[in-house]
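J.: Coordinates in my_file34.pdb, PDB, C-alpha atoms, are listed below.
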ATOM      1  CA  MET T   1     -76.413  -7.695 -45.998
ATOM      2  CA  LYS T   2     -74.032  -4.882 -45.100
ATOM      3  CA  ILE T   3     -70.295  -4.408 -45.260
ATOM      4  CA  THR T   4     -68.553  -5.145 -41.945
ATOM      5  CA  LEU T   5     -65.237  -3.916 -40.579
ATOM      6  CA  LYS T   6     -64.212  -7.548 -40.227
ATOM      7  CA  GLN T   7     -64.677  -8.126 -43.953
ATOM      8  CA  LEU T   8     -62.652  -5.018 -44.755
ATOM      9  CA  ALA T   9     -59.885  -6.137 -42.378
ATOM     10  CA  TYR T  10     -59.766  -9.549 -44.084
ATOM     11  CA  PHE T  11     -59.653  -7.931 -47.524
ATOM     12  CA  HIS T  12     -56.850  -5.659 -46.329
ATOM     13  CA  ALA T  13     -54.883  -8.688 -45.116
ATOM     14  CA  LEU T  14     -55.433 -10.451 -48.449
ATOM     15  CA  ALA T  15     -54.277  -7.409 -50.400
ATOM     16  CA  ARG T  16     -51.093  -7.308 -48.328
ATOM     17  CA  ALA T  17     -50.351 -11.021 -48.444
ATOM     18  CA  ARG T  18     -51.557 -11.669 -52.018
ATOM     19  CA  ASN T  19     -52.204 -15.223 -50.948
ATOM     20  CA  PHE T  20     -55.241 -16.680 -49.175
ATOM     21  CA  GLY T  21     -53.171 -18.922 -46.906
ATOM     22  CA  ARG T  22     -50.812 -16.179 -45.734
ATOM     23  CA  ALA T  23     -53.707 -13.746 -45.376
ATOM     24  CA  ALA T  24     -55.570 -16.241 -43.194
ATOM     25  CA  GLU T  25     -52.515 -16.492 -40.929
ATOM     26  CA  LEU T  26     -52.256 -12.702 -40.674
ATOM     27  CA  ALA T  27     -55.950 -12.444 -39.788
ATOM     28  CA  SER T  28     -55.865 -15.444 -37.397
ATOM     29  CA  ILE T  29     -58.686 -17.160 -39.273
ATOM     30  CA  SER T  30     -58.989 -20.341 -41.299
ATOM     31  CA  GLN T  31     -58.435 -20.058 -45.041
ATOM     32  CA  PRO T  32     -61.963 -21.244 -45.963
ATOM     33  CA  ALA T  33     -63.516 -18.740 -43.566
ATOM     34  CA  LEU T  34     -61.439 -15.906 -45.006
ATOM     35  CA  SER T  35     -62.333 -16.906 -48.557
ATOM     36  CA  MET T  36     -66.021 -16.904 -47.624
ATOM     37  CA  GLN T  37     -65.777 -13.420 -46.092
ATOM     38  CA  ILE T  38     -64.112 -12.066 -49.255
ATOM     39  CA  LYS T  39     -66.840 -13.609 -51.426
ATOM     40  CA  GLU T  40     -69.529 -12.050 -49.202
ATOM     41  CA  LEU T  41     -67.823  -8.656 -49.494
ATOM     42  CA  GLU T  42     -67.716  -8.994 -53.283
ATOM     43  CA  ALA T  43     -71.391  -9.960 -53.284
ATOM     44  CA  VAL T  44     -72.375  -6.918 -51.263
ATOM     45  CA  LEU T  45     -70.359  -4.583 -53.506
ATOM     46  CA  GLY T  46     -71.420  -6.335 -56.704
ATOM     47  CA  VAL T  47     -67.874  -6.433 -58.096
ATOM     48  CA  ALA T  48     -64.920  -8.788 -58.109
ATOM     49  CA  LEU T  49     -62.140  -7.506 -55.882
ATOM     50  CA  VAL T  50     -59.392 -10.013 -56.711
ATOM     51  CA  GLU T  51     -58.244 -12.190 -59.543
ATOM     52  CA  ARG T  52     -57.694 -15.651 -58.129
ATOM     53  CA  LEU T  53     -54.554 -17.081 -59.687
ATOM     54  CA  PRO T  54     -52.968 -20.477 -58.892
ATOM     55  CA  ARG T  55     -50.253 -19.059 -56.616
ATOM     56  CA  ASP T  56     -51.150 -15.410 -56.398
ATOM     57  CA  VAL T  57     -53.946 -12.985 -55.823
ATOM     58  CA  ARG T  58     -54.146  -9.871 -57.926
ATOM     59  CA  LEU T  59     -56.393  -6.916 -57.185
ATOM     60  CA  THR T  60     -58.859  -5.921 -59.841
ATOM     61  CA  ARG T  61     -59.326  -2.291 -60.768
ATOM     62  CA  ALA T  62     -62.340  -2.177 -58.443
ATOM     63  CA  GLY T  63     -60.261  -3.955 -55.812
ATOM     64  CA  ARG T  64     -57.614  -1.218 -55.889
ATOM     65  CA  GLU T  65     -60.288   1.433 -55.388
ATOM     66  CA  VAL T  66     -61.878  -0.518 -52.535
ATOM     67  CA  LEU T  67     -58.452  -1.042 -50.917
ATOM     68  CA  ALA T  68     -57.769   2.713 -50.904
ATOM     69  CA  ARG T  69     -61.088   3.321 -49.171
ATOM     70  CA  THR T  70     -60.513   0.366 -46.853
ATOM     71  CA  ASP T  71     -57.217   1.849 -45.660
ATOM     72  CA  ARG T  72     -58.982   5.080 -44.712
ATOM     73  CA  ILE T  73     -61.902   3.307 -43.039
ATOM     74  CA  LEU T  74     -59.690   1.009 -40.942
ATOM     75  CA  ALA T  75     -57.454   3.928 -39.959
ATOM     76  CA  GLU T  76     -60.517   5.872 -38.801
ATOM     77  CA  ALA T  77     -61.766   2.841 -36.877
ATOM     78  CA  MET T  78     -58.408   2.485 -35.112
ATOM     79  CA  GLU T  79     -58.437   6.184 -34.213
ATOM     80  CA  LEU T  80     -61.961   5.799 -32.870
ATOM     81  CA  GLU T  81     -60.862   2.930 -30.632
ATOM     82  CA  ALA T  82     -57.861   4.934 -29.405
ATOM     83  CA  ALA T  83     -60.082   7.937 -28.691
ATOM     84  CA  ALA T  84     -62.454   5.743 -26.709
ATOM     85  CA  ARG T  85     -59.560   4.464 -24.599
ATOM     86  CA  ARG T  86     -58.346   8.010 -23.998
ATOM     87  CA  ARG T  87     -61.820   9.106 -22.933
ATOM     88  CA  ALA T  88     -61.923   6.300 -20.383
ATOM     89  CA  LEU T  89     -58.964   7.930 -18.642
ATOM     90  CA  GLN T  90     -59.223  11.560 -19.688
ATOM     91  CA  GLY T  91     -62.827  12.239 -20.549
ATOM     92  CA  ALA T  92     -65.380  14.187 -18.564
ATOM     93  CA  LEU T  93     -65.588  12.870 -15.004
ATOM     94  CA  THR T  94     -68.403  14.059 -12.755
ATOM     95  CA  LEU T  95     -67.599  13.682  -9.070
ATOM     96  CA  GLY T  96     -69.947  14.356  -6.154
ATOM     97  CA  MET T  97     -69.066  15.067  -2.520
ATOM     98  CA  ILE T  98     -71.031  15.861   0.608
ATOM     99  CA  PRO T  99     -70.633  19.415   2.036
ATOM    100  CA  THR T 100     -68.731  18.298   5.136
ATOM    101  CA  ILE T 101     -65.999  16.784   2.932
ATOM    102  CA  ALA T 102     -65.830  18.811  -0.289
ATOM    103  CA  PRO T 103     -64.445  22.165   0.993
ATOM    104  CA  TYR T 104     -61.623  20.415   2.812
ATOM    105  CA  LEU T 105     -60.669  17.493   0.581
ATOM    106  CA  LEU T 106     -61.108  19.070  -2.852
ATOM    107  CA  PRO T 107     -58.364  21.740  -2.831
ATOM    108  CA  GLY T 108     -55.579  19.235  -2.257
ATOM    109  CA  ALA T 109     -57.179  16.524  -4.367
ATOM    110  CA  LEU T 110     -57.769  18.763  -7.395
ATOM    111  CA  ALA T 111     -54.101  19.601  -7.772
ATOM    112  CA  ARG T 112     -53.251  15.913  -7.785
ATOM    113  CA  LEU T 113     -55.996  15.016 -10.230
ATOM    114  CA  ARG T 114     -54.974  17.747 -12.666
ATOM    115  CA  ALA T 115     -51.297  16.805 -12.451
ATOM    116  CA  SER T 116     -52.058  13.153 -13.170
ATOM    117  CA  ASP T 117     -54.294  14.094 -16.138
ATOM    118  CA  ILE T 118     -56.883  11.633 -14.861
ATOM    119  CA  THR T 119     -59.424  13.762 -16.694
ATOM    120  CA  ARG T 120     -59.360  16.768 -18.967
ATOM    121  CA  ASP T 121     -62.831  17.777 -17.879
ATOM    122  CA  LEU T 122     -63.481  17.344 -14.146
ATOM    123  CA  ARG T 123     -66.941  18.372 -13.030
ATOM    124  CA  LEU T 124     -67.892  18.632  -9.376
ATOM    125  CA  ARG T 125     -71.172  18.547  -7.523
ATOM    126  CA  GLU T 126     -71.649  19.225  -3.813
ATOM    127  CA  ALA T 127     -74.863  17.893  -2.289
ATOM    128  CA  GLN T 128     -76.201  15.881   0.610
ATOM    129  CA  THR T 129     -75.985  12.109   0.722
ATOM    130  CA  ALA T 130     -79.456  11.267  -0.607
ATOM    131  CA  ALA T 131     -79.087  13.564  -3.630
ATOM    132  CA  LEU T 132     -75.636  12.199  -4.461
ATOM    133  CA  LEU T 133     -76.781   8.585  -4.271
ATOM    134  CA  ALA T 134     -79.715   9.362  -6.548
ATOM    135  CA  GLY T 135     -77.441  11.156  -9.015
ATOM    136  CA  LEU T 136     -74.995   8.257  -9.044
ATOM    137  CA  ARG T 137     -77.674   5.638  -9.630
ATOM    138  CA  GLU T 138     -79.296   7.724 -12.370
ATOM    139  CA  GLY T 139     -75.987   8.108 -14.209
ATOM    140  CA  GLN T 140     -75.660  11.855 -13.611
ATOM    141  CA  LEU T 141     -72.525  11.282 -11.508
ATOM    142  CA  ASP T 142     -69.609   8.930 -12.171
ATOM    143  CA  ALA T 143     -68.445   8.642  -8.562
ATOM    144  CA  ILE T 144     -69.290  10.116  -5.168
ATOM    145  CA  VAL T 145     -67.510  10.567  -1.860
ATOM    146  CA  LEU T 146     -69.612   9.856   1.239
ATOM    147  CA  ALA T 147     -69.146   9.216   4.938
ATOM    148  CA  ASP T 148     -70.235   5.862   6.359
ATOM    149  CA  PRO T 149     -72.337   4.808   3.352
ATOM    150  CA  ALA T 150     -74.645   1.838   3.797
ATOM    151  CA  PRO T 151     -73.584  -1.223   1.767
ATOM    152  CA  ALA T 152     -75.487  -1.579  -1.522
ATOM    153  CA  PRO T 153     -75.248  -4.445  -4.044
ATOM    154  CA  ASP T 154     -75.471  -2.062  -7.009
ATOM    155  CA  LEU T 155     -72.521   0.064  -5.853
ATOM    156  CA  VAL T 156     -68.788  -0.539  -5.559
ATOM    157  CA  ALA T 157     -67.172   1.122  -2.528
ATOM    158  CA  VAL T 158     -63.508   1.796  -1.751
ATOM    159  CA  ALA T 159     -62.505   3.022   1.700
ATOM    160  CA  LEU T 160     -60.327   6.148   1.501
ATOM    161  CA  PHE T 161     -59.479   7.051   5.104
ATOM    162  CA  GLN T 162     -60.886   7.311   8.631
ATOM    163  CA  ASP T 163     -61.821  10.822   9.719
ATOM    164  CA  ARG T 164     -61.904  11.111  13.514
ATOM    165  CA  PHE T 165     -64.222  13.428  15.413
ATOM    166  CA  LEU T 166     -62.934  16.097  17.778
ATOM    167  CA  LEU T 167     -64.976  18.123  20.241
ATOM    168  CA  ALA T 168     -65.032  21.858  19.511
ATOM    169  CA  GLY T 169     -66.145  24.671  21.790
ATOM    170  CA  SER T 170     -65.024  27.824  23.530
ATOM    171  CA  ALA T 171     -62.230  27.950  26.111
ATOM    172  CA  ALA T 172     -64.823  28.448  28.853
ATOM    173  CA  ARG T 173     -66.746  25.320  27.880
ATOM    174  CA  LEU T 174     -63.693  23.136  27.321
ATOM    175  CA  SER T 175     -61.491  24.246  30.180
ATOM    176  CA  GLY T 176     -61.580  20.811  31.804
ATOM    177  CA  PRO T 177     -60.346  17.635  30.094
ATOM    178  CA  ALA T 178     -57.115  17.644  28.156
ATOM    179  CA  PRO T 179     -56.811  15.875  24.783
ATOM    180  CA  GLY T 180     -57.208  12.141  25.183
ATOM    181  CA  ASP T 181     -58.378  12.401  28.803
ATOM    182  CA  GLU T 182     -60.256   9.269  29.807
ATOM    183  CA  ALA T 183     -63.121  11.438  31.078
ATOM    184  CA  LEU T 184     -63.902  12.866  27.629
ATOM    185  CA  ARG T 185     -66.229  10.440  25.901
ATOM    186  CA  PRO T 186     -69.182  11.172  23.618
ATOM    187  CA  ALA T 187     -71.632   9.507  25.975
ATOM    188  CA  THR T 188     -70.632  11.863  28.809
ATOM    189  CA  LEU T 189     -71.542  15.044  26.886
ATOM    190  CA  ASN T 190     -74.533  17.065  27.981
ATOM    191  CA  PRO T 191     -76.971  16.931  25.011
ATOM    192  CA  ASP T 192     -78.232  20.402  25.969
ATOM    193  CA  HIS T 193     -74.868  21.799  24.887
ATOM    194  CA  LEU T 194     -74.628  20.018  21.533
ATOM    195  CA  LEU T 195     -75.087  21.975  18.274
ATOM    196  CA  LEU T 196     -75.753  20.126  15.047
ATOM    197  CA  LEU T 197     -76.095  20.804  11.352
ATOM    198  CA  ASP T 198     -79.471  20.915   9.639
ATOM    199  CA  GLU T 199     -81.377  17.690   9.207
ATOM    200  CA  GLY T 200     -80.253  15.857   6.092
ATOM    201  CA  HIS T 201     -76.553  16.310   6.819
ATOM    202  CA  CYS T 202     -75.089  12.901   7.567
ATOM    203  CA  LEU T 203     -72.546  14.456   9.940
ATOM    204  CA  ALA T 204     -75.363  15.434  12.300
ATOM    205  CA  ASP T 205     -76.743  11.898  12.228
ATOM    206  CA  GLN T 206     -73.277  10.465  12.854
ATOM    207  CA  ALA T 207     -72.711  12.774  15.827
ATOM    208  CA  LEU T 208     -76.042  11.746  17.322
ATOM    209  CA  GLU T 209     -75.221   8.079  16.789
ATOM    210  CA  VAL T 210     -71.860   8.493  18.486
ATOM    211  CA  CYS T 211     -73.583  10.017  21.510
ATOM    212  CA  ALA T 212     -76.488   7.538  21.428
ATOM    213  CA  LEU T 213     -78.930  10.464  21.107
ATOM    214  CA  ASP T 214     -81.714  11.589  18.815
ATOM    215  CA  ARG T 215     -82.234  15.154  17.608
ATOM    216  CA  SER T 216     -85.074  15.800  20.053
ATOM    217  CA  GLN T 217     -82.574  15.549  22.914
ATOM    218  CA  THR T 218     -80.442  18.472  21.708
ATOM    219  CA  ARG T 219     -81.214  21.898  23.084
ATOM    220  CA  LEU T 220     -80.318  24.282  20.293
ATOM    221  CA  ASP T 221     -81.017  23.959  16.577
ATOM    222  CA  LEU T 222     -79.988  27.140  14.773
ATOM    223  CA  GLY T 223     -80.460  25.762  11.261
ATOM    224  CA  ALA T 224     -76.725  25.814  10.542
ATOM    225  CA  SER T 225     -75.966  24.437   7.095
ATOM    226  CA  SER T 226     -72.160  24.455   7.251
ATOM    227  CA  LEU T 227     -69.388  23.475   9.606
ATOM    228  CA  SER T 228     -67.967  26.996   9.330
ATOM    229  CA  THR T 229     -71.167  28.404  10.832
ATOM    230  CA  LEU T 230     -71.130  25.894  13.677
ATOM    231  CA  CYS T 231     -67.476  26.573  14.435
ATOM    232  CA  GLY T 232     -68.136  30.299  14.599
ATOM    233  CA  LEU T 233     -71.017  29.698  17.020
ATOM    234  CA  VAL T 234     -69.163  27.373  19.360
ATOM    235  CA  ALA T 235     -66.125  29.671  19.375
ATOM    236  CA  GLN T 236     -68.436  32.348  20.787
ATOM    237  CA  GLY T 237     -69.605  30.029  23.547
ATOM    238  CA  PHE T 238     -72.992  28.975  22.122
ATOM    239  CA  GLY T 239     -72.353  25.276  22.679
ATOM    240  CA  LEU T 240     -70.282  22.329  21.558
ATOM    241  CA  THR T 241     -70.047  20.501  18.260
ATOM    242  CA  PHE T 242     -68.245  17.626  16.590
ATOM    243  CA  LEU T 243     -65.510  18.631  14.144
ATOM    244  CA  PRO T 244     -64.059  16.117  11.674
ATOM    245  CA  GLU T 245     -60.277  16.059  11.545
ATOM    246  CA  ILE T 246     -60.120  16.967   7.861
ATOM    247  CA  ALA T 247     -61.913  20.239   8.654
ATOM    248  CA  LEU T 248     -59.556  21.157  11.488
ATOM    249  CA  PRO T 249     -56.773  22.913   9.500
ATOM    250  CA  SER T 250     -59.272  25.270   7.868
ATOM    251  CA  GLU T 251     -61.808  25.820  10.629
ATOM    252  CA  ALA T 252     -59.388  26.138  13.545
ATOM    253  CA  GLN T 253     -57.698  29.020  11.765
ATOM    254  CA  ALA T 254     -60.955  30.724  10.770
ATOM    255  CA  ALA T 255     -62.825  30.398  14.075
ATOM    256  CA  GLN T 256     -60.730  32.454  16.454
ATOM    257  CA  GLY T 257     -61.233  31.390  20.053
ATOM    258  CA  MET T 258     -62.360  27.843  19.225
ATOM    259  CA  VAL T 259     -60.806  25.170  21.420
ATOM    260  CA  LEU T 260     -60.469  21.520  20.413
ATOM    261  CA  ARG T 261     -60.350  18.386  22.523
ATOM    262  CA  ARG T 262     -59.714  14.810  21.488
ATOM    263  CA  PHE T 263     -61.918  12.069  22.845
ATOM    264  CA  ALA T 264     -60.488   9.258  24.886
ATOM    265  CA  ALA T 265     -59.446   6.171  22.952
ATOM    266  CA  PRO T 266     -60.959   4.636  20.973
ATOM    267  CA  GLU T 267     -61.728   7.918  19.243
ATOM    268  CA  PRO T 268     -64.999   8.025  17.261
ATOM    269  CA  PHE T 269     -64.621   8.418  13.507
ATOM    270  CA  ARG T 270     -66.447   8.371  10.212
ATOM    271  CA  GLN T 271     -65.274   6.279   7.275
ATOM    272  CA  ILE T 272     -64.762   8.307   4.098
ATOM    273  CA  THR T 273     -65.581   6.190   1.046
ATOM    274  CA  LEU T 274     -65.552   6.531  -2.751
ATOM    275  CA  LEU T 275     -68.398   4.844  -4.615
ATOM    276  CA  ARG T 276     -69.346   4.088  -8.220
ATOM    277  CA  ARG T 277     -72.035   2.024  -9.900
ATOM    278  CA  ALA T 278     -71.191  -1.663 -10.104
ATOM    279  CA  SER T 279     -72.411  -1.625 -13.705
ATOM    280  CA  SER T 280     -70.152   1.239 -14.807
ATOM    281  CA  ASP T 281     -66.965   0.777 -16.806
ATOM    282  CA  ALA T 282     -64.403   1.790 -14.203
ATOM    283  CA  SER T 283     -61.368   1.059 -16.378
ATOM    284  CA  GLU T 284     -58.342   2.541 -14.567
ATOM    285  CA  TRP T 285     -59.823   5.886 -13.563
ATOM    286  CA  PHE T 286     -61.631   4.695 -10.437
ATOM    287  CA  ASP T 287     -58.583   3.207  -8.715
ATOM    288  CA  GLU T 288     -56.490   6.224  -9.699
ATOM    289  CA  LEU T 289     -59.141   8.603  -8.386
ATOM    290  CA  ALA T 290     -59.350   6.675  -5.102
ATOM    291  CA  SER T 291     -55.571   6.795  -4.706
ATOM    292  CA  HIS T 292     -55.381  10.581  -5.172
ATOM    293  CA  LEU T 293     -58.315  11.253  -2.850
ATOM    294  CA  ALA T 294     -56.875   8.972  -0.163
ATOM    295  CA  THR T 295     -53.484  10.688  -0.363
ATOM    296  CA  ALA T 296     -55.054  14.146  -0.136
ATOM    297  CA  GLY T 297     -57.082  12.985   2.868
ATOM    298  CA  GLU T 298     -54.057  11.603   4.682
ATOM    299  CA  GLU T 299     -52.216  14.876   4.155
ATOM    300  CA  LEU T 300     -55.125  16.731   5.775
ATOM    301  CA  LEU T 301     -55.129  14.311   8.704
ATOM    302  CA  THR T 302     -51.398  14.814   9.234
ATOM    303  CA  ARG T 303     -51.887  18.587   9.374
ATOM    304  CA  ALA T 304     -54.804  18.143  11.774
ATOM    305  CA  ARG T 305     -52.744  16.020  14.139
ATOM    306  CA  ASP T 306     -49.988  18.607  14.081
ATOM    307  CA  THR T 307     -52.559  21.223  15.132
ATOM    308  CA  CYS T 308     -54.248  19.054  17.766
ATOM    309  CA  PRO T 309     -51.811  16.262  18.693
ATOM    310  CA  GLU T 310     -52.982  12.779  19.529
ATOM    311  CA  ALA T 311     -52.620  11.503  23.055
ATOM    312  CA  ARG T 312     -50.010   8.768  23.241
ATOM    313  CA  HIS T 313     -52.547   6.131  24.149
ATOM    314  CA  SER T 314     -55.213   7.185  21.624
ATOM    315  CA  HIS T 315     -56.092   5.148  18.568
ATOM    316  CA  ALA T 316     -59.001   5.103  16.149
ATOM    317  CA  GLY T 317     -61.932   2.875  16.941
ATOM    318  CA  GLY T 318     -65.469   2.341  15.782
ATOM    319  CA  ALA T 319     -67.919   5.131  16.189
TER     320      ALA T 319
END
Spit out the file's structure as structure tokens when you get a sec.
T.:
Amino acid sequence: MKITLKQLAYFHALARARNFGRAAELASISQPALSMQIKELEAVLGVALVERLPRDVRLTRAGREVLARTDRILAEAMELEAAARRRALQGALTLGMIPTIAPYLLPGALARLRASDITRDLRLREAQTAALLAGLREGQLDAIVLADPAPAPDLVAVALFQDRFLLAGSAARLSGPAPGDEALRPATLNPDHLLLLDEGHCLADQALEVCALDRSQTRLDLGASSLSTLCGLVAQGFGLTFLPEIALPSEAQAAQGMVLRRFAAPEPFRQITLLRRASSDASEWFDELASHLATAGEELLTRARDTCPEARHSHAGGA
């Protein structure tokens, strides 16, 4: 038999109350149960801790020594519990994002996360969808941000915001329809003109799905691994590509000569979602993280719509 924290807590209550009945009330336990726990503690230690008097309880010399140690042990246990609660909100948090979200969402989100002290040690990983899902399920990541994730019973998902697609190209290629023109629909695009990211990037798969195409129907595959590369290419007239709204403030400024057009309503979009393991202890950090990421995303979308205004009749719809 070993000493338990419960036994020490009961002994501490008895030493304070100096009466088994009052001590039982303090410990929210029956008097016989408390008396039994004290006897078990004395048996483990091999000494009497209290002198049992008719209307009083007096600590023995050994009892006074045990009480001094008990105070330190219980104080350490309380500090350990408090530290565990702090770690739930402020401990190391490892967050993963796909490459077509991270460069755009992180700068604004990081400032918010730091200011809120959601974590003292924020670690970030940028990778493609399959790698992030594997890392999350294996416990290497605490949460991940994906676009249009498939439902999974072992994961909890919270929708952050809808990120619409715009069509990007050179002025020569996009000299026709104006933003929101009924003629500009994904299905009307010439697949020979469409540039996509490398295979494995979910944005490429989403663009193909929007256009009801497969990769074999696109003319040019330059092995581009970033949206910045694609934007530079289409600005020089190499083709057309889909640009998410959250990338617009950064990429429109960097890719000189790139022209943007909005699709006719309902505009295609991707759903940006935060996920964690269903088995993980989310405490309060997950909801707080989702709130800050959603706010940062909405700020990006507002800036994007200032740069490329919505048509009056446009509204988001399913991709």
J.: When you count all atoms listed in the file, which of these residues is closest to Leu160 of chain T: T:Met36, T:Ala27, T:Ala290, T:Ala109?
T.: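 Using all atoms listed in the file, Leu160 of chain T sits closest to T:Ala290.
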J.: Please measure the separation of atom CA of Asp205 of chain T and atom CA of Glu126 of chain T, giving the value in Å to one decimal.
T.: 18.4 Å
J.: I'd like the residues picked by the PyMOL selection byres ((chain T and resi 67) around 12) written out as a PDB file with C-alpha atoms, in the coordinates of the input, using the chain letters and numbers from the file.
T.:
ATOM      1  CA  GLN T   7     -64.677  -8.126 -43.953  1.00  0.00           C
ATOM      2  CA  LEU T   8     -62.652  -5.018 -44.755  1.00  0.00           C
ATOM      3  CA  ALA T   9     -59.885  -6.137 -42.378  1.00  0.00           C
ATOM      4  CA  TYR T  10     -59.766  -9.549 -44.084  1.00  0.00           C
ATOM      5  CA  PHE T  11     -59.653  -7.931 -47.524  1.00  0.00           C
ATOM      6  CA  HIS T  12     -56.850  -5.659 -46.329  1.00  0.00           C
ATOM      7  CA  ALA T  13     -54.883  -8.688 -45.116  1.00  0.00           C
ATOM      8  CA  LEU T  14     -55.433 -10.451 -48.449  1.00  0.00           C
ATOM      9  CA  ALA T  15     -54.277  -7.409 -50.400  1.00  0.00           C
ATOM     10  CA  ARG T  16     -51.093  -7.308 -48.328  1.00  0.00           C
ATOM     11  CA  LEU T  49     -62.140  -7.506 -55.882  1.00  0.00           C
ATOM     12  CA  VAL T  50     -59.392 -10.013 -56.711  1.00  0.00           C
ATOM     13  CA  LEU T  59     -56.393  -6.916 -57.185  1.00  0.00           C
ATOM     14  CA  THR T  60     -58.859  -5.921 -59.841  1.00  0.00           C
ATOM     15  CA  ARG T  61     -59.326  -2.291 -60.768  1.00  0.00           C
ATOM     16  CA  ALA T  62     -62.340  -2.177 -58.443  1.00  0.00           C
ATOM     17  CA  GLY T  63     -60.261  -3.955 -55.812  1.00  0.00           C
ATOM     18  CA  ARG T  64     -57.614  -1.218 -55.889  1.00  0.00           C
ATOM     19  CA  GLU T  65     -60.288   1.433 -55.388  1.00  0.00           C
ATOM     20  CA  VAL T  66     -61.878  -0.518 -52.535  1.00  0.00           C
ATOM     21  CA  ALA T  68     -57.769   2.713 -50.904  1.00  0.00           C
ATOM     22  CA  ARG T  69     -61.088   3.321 -49.171  1.00  0.00           C
ATOM     23  CA  THR T  70     -60.513   0.366 -46.853  1.00  0.00           C
ATOM     24  CA  ASP T  71     -57.217   1.849 -45.660  1.00  0.00           C
ATOM     25  CA  ARG T  72     -58.982   5.080 -44.712  1.00  0.00           C
ATOM     26  CA  ILE T  73     -61.902   3.307 -43.039  1.00  0.00           C
ATOM     27  CA  LEU T  74     -59.690   1.009 -40.942  1.00  0.00           C
TER      28      LEU T  74
END
J.: Given all atoms listed in the file as the basis, pick out the residue of T:Asp192, T:Pro186, T:Arg22, T:Leu141 nearest to Leu34 of chain T.
T.: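 Checking each candidate against Leu34 of chain T, we get T:Arg22 as the closest.
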J.: Let me make sure I understand: among T:Ser226, T:Thr4, T:Thr241, T:Ser279, which one has the smallest atom-to-atom distance to Thr100 of chain T if we use only C-alpha atoms?
T.: T:Ser226
J.: With the file shown as input, list the residues that the PyMOL selection byres ((chain T and resi 257) around 9) selects, as a ChimeraX atom specification.
T.: /T:169-171,232,234-236,252,255-256,258-259
J.: Write a file of the selected residues as a PDB file, in the coordinates of the input, keeping C-alpha atoms.
T.:
ATOM      1  CA  GLY T 169     -66.145  24.671  21.790  1.00  0.00           C
ATOM      2  CA  SER T 170     -65.024  27.824  23.530  1.00  0.00           C
ATOM      3  CA  ALA T 171     -62.230  27.950  26.111  1.00  0.00           C
ATOM      4  CA  GLY T 232     -68.136  30.299  14.599  1.00  0.00           C
ATOM      5  CA  VAL T 234     -69.163  27.373  19.360  1.00  0.00           C
ATOM      6  CA  ALA T 235     -66.125  29.671  19.375  1.00  0.00           C
ATOM      7  CA  GLN T 236     -68.436  32.348  20.787  1.00  0.00           C
ATOM      8  CA  ALA T 252     -59.388  26.138  13.545  1.00  0.00           C
ATOM      9  CA  ALA T 255     -62.825  30.398  14.075  1.00  0.00           C
ATOM     10  CA  GLN T 256     -60.730  32.454  16.454  1.00  0.00           C
ATOM     11  CA  MET T 258     -62.360  27.843  19.225  1.00  0.00           C
ATOM     12  CA  VAL T 259     -60.806  25.170  21.420  1.00  0.00           C
TER      13      VAL T 259
END
J.: Find the axis-aligned box for segment 280-291 of chain T, covering all its listed atoms and adding 8 Å on each side, and write its centre and edge lengths in Å to one decimal as JSON.
T.:
{"center_x": -62.9, "center_y": 4.7, "center_z": -10.8, "size_x": 30.6, "size_y": 23.8, "size_z": 28.1}
J.: If you count only C-alpha atoms, which residues fall within 10 Å of Ser35 of chain T, apart from same-chain ones fewer than 3 positions away, as a PyMOL selection string?
T.: chain T and resi 10-11+14+20-21+23-24+29-32+38-41
J.: Nearest to Arg303 of chain T: which of T:Ser250, T:Thr94, T:Ser175, T:Thr188 is it, counting only C-alpha atoms?
T.: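 Going through T:Ser250, T:Thr94, T:Ser175, T:Thr188 one by one, the smallest distance to Arg303 of chain T is for T:Ser250.
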J.: Could you check how far atom CA of Ala183 of chain T sits from atom CA of Phe263 of chain T, in Å to one decimal?
T.: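 Value for the atom CA of Ala183 of chain T-atom CA of Phe263 of chain T distance: 8.3 Å.
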J.: Restricting the calculation to all atoms listed in the file: of T:Ala150, T:Cys231, T:Ala102, T:Leu240, which residue gets closest to Asn190 of chain T?
T.: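 Checking each of T:Ala150, T:Cys231, T:Ala102, T:Leu240 against Asn190 of chain T, counting all atoms listed in the file, the winner is T:Leu240.
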J.: Which polymer residues have any atom within 9 Å of an atom of Leu105 of chain T, counting all atoms listed in the file, with same-chain residues fewer than 6 positions away left out, as a PyMOL selection string?
T.: chain T and resi 246-247+293+296-297+300
J.: Mind giving me the straight-line distance from atom CA of Glu267 of chain T to atom CA of His292 of chain T in Å, one decimal?
T.: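 Between atom CA of Glu267 of chain T and atom CA of His292 of chain T the gap is 25.4 Å.
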J.: Which of these residues is nearest to Val156 of chain T, using only C-alpha atoms: T:Leu136, T:Ala168, T:Ala92, T:Leu195?
T.: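 Looking only at the distances to Val156 of chain T, the closest residue turns out to be T:Leu136.
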J.: May I have the residues within 8 Å of Gln206 of chain T as a PyMOL selection string, using all atoms listed in the file and disregarding those fewer than 4 positions away in the same chain?
T.: chain T and resi 202+210+270
J.: How about saving the chosen residues, C-alpha atoms kept, as a JSON list (two decimals), keeping the file's coordinate frame?
T.:
[["chain", "number", "residue", "atom", "x", "y", "z"],
["T", 202, "CYS", "CA", -75.09, 12.90, 7.57],
["T", 210, "VAL", "CA", -71.86, 8.49, 18.49],
["T", 270, "ARG", "CA", -66.45, 8.37, 10.21]]
J.: For Gly135 of chain T, list every protein, DNA or RNA residue within 12 Å, evaluated using only C-alpha atoms, and leave out those in the same chain fewer than 6 positions away; present the list as number ranges by chain.
T.: T: 94-97, 125-129, 141-144, 275-277
J.: Could you pull out every residue with an atom within 6 Å of (-58.9, 9.6, 12.8), file coordinates, counting all atoms listed in the file, and send them as a compact mmCIF listing (two decimals) with C-alpha atoms, keeping the file's coordinate frame?
T.:
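selection-v4.txt written:
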# COMPACT_ATOMS: atom_id res chain seq x y z
CA GLN T 162 -60.89 7.31 8.63
CA ASP T 163 -61.82 10.82 9.72
CA ARG T 164 -61.90 11.11 13.51
CA PHE T 269 -64.62 8.42 13.51
CA ALA T 316 -59.00 5.10 16.15
